[in-house]
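Visitor: My questions will all concern the structure given below.
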Amino acid sequence: CLKCGSKQTADHIVCRNCGVTFGNYFCQICHLFDLRDKGQFHCEDCGICRVGGRDNFYHCLECGICLNNSVKDQHRCVSAVSRNDCSVCMEDLHTSVQPVVQNPCGHMLHVDCRKRIFNSNRYTCPL
């Protein structure tokens with residue numbers, strides 16, 4: 001604990017010694033604490049915590065990523081597509097907290113990165 005200096009295991013949301021709250025969200029698996037509510041949830045299939053609310057997402061086993069429910073019957077499955085980097089910003093897509101979108105070709109990009117591409121009058125996949 002940074003307040004009292006007490007060393008303890010990461011299994012409680014409150015310091016056992018001084019009672020300070022480490023976070024409003026705590027994941028027993030990832031040992032993740034967060035003070036702000038972002039709709040955090042742990043996805044067993046991804047193996048990490050996600051944001052945005054569990055009820056708003058589903059895990060596509062083929063793609064290997066949680067996707068927004070709005071694309072459930074529309075997206076094109078590409079095996080392990082989330083295990084790549086965004087071809088615009090080069091950030092890992094699987095662990096990113098930024099929303100991703102799938103191009104018609106099947107490649108995934110961050111939503112904001114795709115907007116940047118469109119705003120520069122490029123309408124083809126950067127790959």
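Identifiers in the structure tokens: chain A, B, ... in order shown; residue index from 1 per chain; ligand index from 1 in order shown.
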As a PDB file with C-alpha atoms, in the first residue's frame, please: all residues of chain A that backbone DSSP puts in strand (DSSP E or B).

Guide:
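As a result, out-v4.pdb now contains:
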ATOM      1  CA  VAL A  14      -9.002  -2.473   0.422  1.00  0.00           C
ATOM      2  CA  THR A  21      -9.406   1.583  -1.316  1.00  0.00           C
ATOM      3  CA  TYR A  25     -12.752  -2.710  -9.895  1.00  0.00           C
ATOM      4  CA  PHE A  26     -10.501  -5.624  -9.063  1.00  0.00           C
ATOM      5  CA  CYS A  27      -9.792  -8.717 -11.145  1.00  0.00           C
ATOM      6  CA  LEU A  32      -5.898  -5.381 -12.011  1.00  0.00           C
ATOM      7  CA  PHE A  33      -7.175  -2.496  -9.890  1.00  0.00           C
ATOM      8  CA  ASP A  34      -9.033   0.462 -11.387  1.00  0.00           C
ATOM      9  CA  PHE A  41     -14.838  -7.397 -17.255  1.00  0.00           C
ATOM     10  CA  HIS A  42     -12.500 -10.354 -17.482  1.00  0.00           C
ATOM     11  CA  CYS A  43     -12.788 -12.437 -20.641  1.00  0.00           C
ATOM     12  CA  ILE A  48      -7.324 -10.365 -20.081  1.00  0.00           C
ATOM     13  CA  CYS A  49      -9.645  -7.707 -18.713  1.00  0.00           C
ATOM     14  CA  ARG A  50     -11.633  -5.686 -21.229  1.00  0.00           C
ATOM     15  CA  PHE A  57     -19.488  -7.747 -26.261  1.00  0.00           C
ATOM     16  CA  TYR A  58     -19.156 -11.363 -27.259  1.00  0.00           C
ATOM     17  CA  HIS A  59     -15.998 -13.412 -27.770  1.00  0.00           C
ATOM     18  CA  CYS A  60     -15.428 -14.774 -31.273  1.00  0.00           C
ATOM     19  CA  ILE A  65     -11.110 -11.349 -29.650  1.00  0.00           C
ATOM     20  CA  CYS A  66     -14.110  -9.745 -27.971  1.00  0.00           C
ATOM     21  CA  LEU A  67     -16.227  -7.886 -30.500  1.00  0.00           C
ATOM     22  CA  ASN A  68     -19.120  -5.513 -30.119  1.00  0.00           C
ATOM     23  CA  ASP A  85      -0.747  -5.089 -34.668  1.00  0.00           C
ATOM     24  CA  ASP A  92      -1.210  -4.649 -30.408  1.00  0.00           C
ATOM     25  CA  VAL A 100     -11.383  -2.091 -33.285  1.00  0.00           C
ATOM     26  CA  VAL A 101     -13.207  -2.422 -36.575  1.00  0.00           C
ATOM     27  CA  GLN A 102     -12.866  -5.027 -39.284  1.00  0.00           C
ATOM     28  CA  MET A 108      -8.694  -5.243 -38.133  1.00  0.00           C
ATOM     29  CA  LEU A 109      -7.729  -1.675 -37.271  1.00  0.00           C
ATOM     30  CA  HIS A 110      -8.500   0.701 -34.449  1.00  0.00           C
TER      31      HIS A 110
END

Visitor: In terms of the shortest atom-to-atom distance over only C-alpha atoms, which of A:Leu35, A:Cys63, A:Val111, A:Leu2 is closest to His94 (chain A)?

Guide: A:Cys63

Visitor: When distances are computed from only C-alpha atoms, which of A:Asp55, A:Glu62, A:Asp112, A:Asp73 shows the smallest separation from Cys89 (chain A)?

Guide: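 The answer is A:Asp112, which sits nearest to Cys89 (chain A).
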
Visitor: What residues in chain A get the DSSP label alpha helix (DSSP H)? Please answer as a short mmCIF file (atom, residue, chain, number, x, y, z; two decimals) with C-alpha atoms, in the first residue's frame.

Guide:
data_model
loop_
_atom_site.label_atom_id
_atom_site.label_comp_id
_atom_site.auth_asym_id
_atom_site.auth_seq_id
_atom_site.Cartn_x
_atom_site.Cartn_y
_atom_site.Cartn_z
CA VAL A 111 -11.64 2.70 -35.19
CA ASP A 112 -9.73 6.00 -34.85
CA CYS A 113 -6.92 4.75 -37.11
CA ARG A 114 -9.41 3.83 -39.82
CA LYS A 115 -10.99 7.28 -39.51
CA ARG A 116 -7.54 8.84 -40.01
CA ILE A 117 -7.08 6.78 -43.18
CA PHE A 118 -10.49 7.77 -44.52
CA ASN A 119 -9.86 11.44 -43.68
#

Visitor: Would you kindly return, as a ChimeraX atom specification, each protein, DNA or RNA residue with an atom no farther than 12 Å from any atom of Pro104 (chain A), considering only C-alpha atoms and excluding same-chain residues fewer than 6 positions away?

Guide: /A:74-78,123-125

Visitor: Between A:Arg54, A:Arg83, A:His107, A:Arg36, which has the minimum distance to Gly23 (chain A) (counting only C-alpha atoms)?

Guide: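 Checking each of A:Arg54, A:Arg83, A:His107, A:Arg36 against Gly23 (chain A), counting only C-alpha atoms, the winner is A:Arg36.
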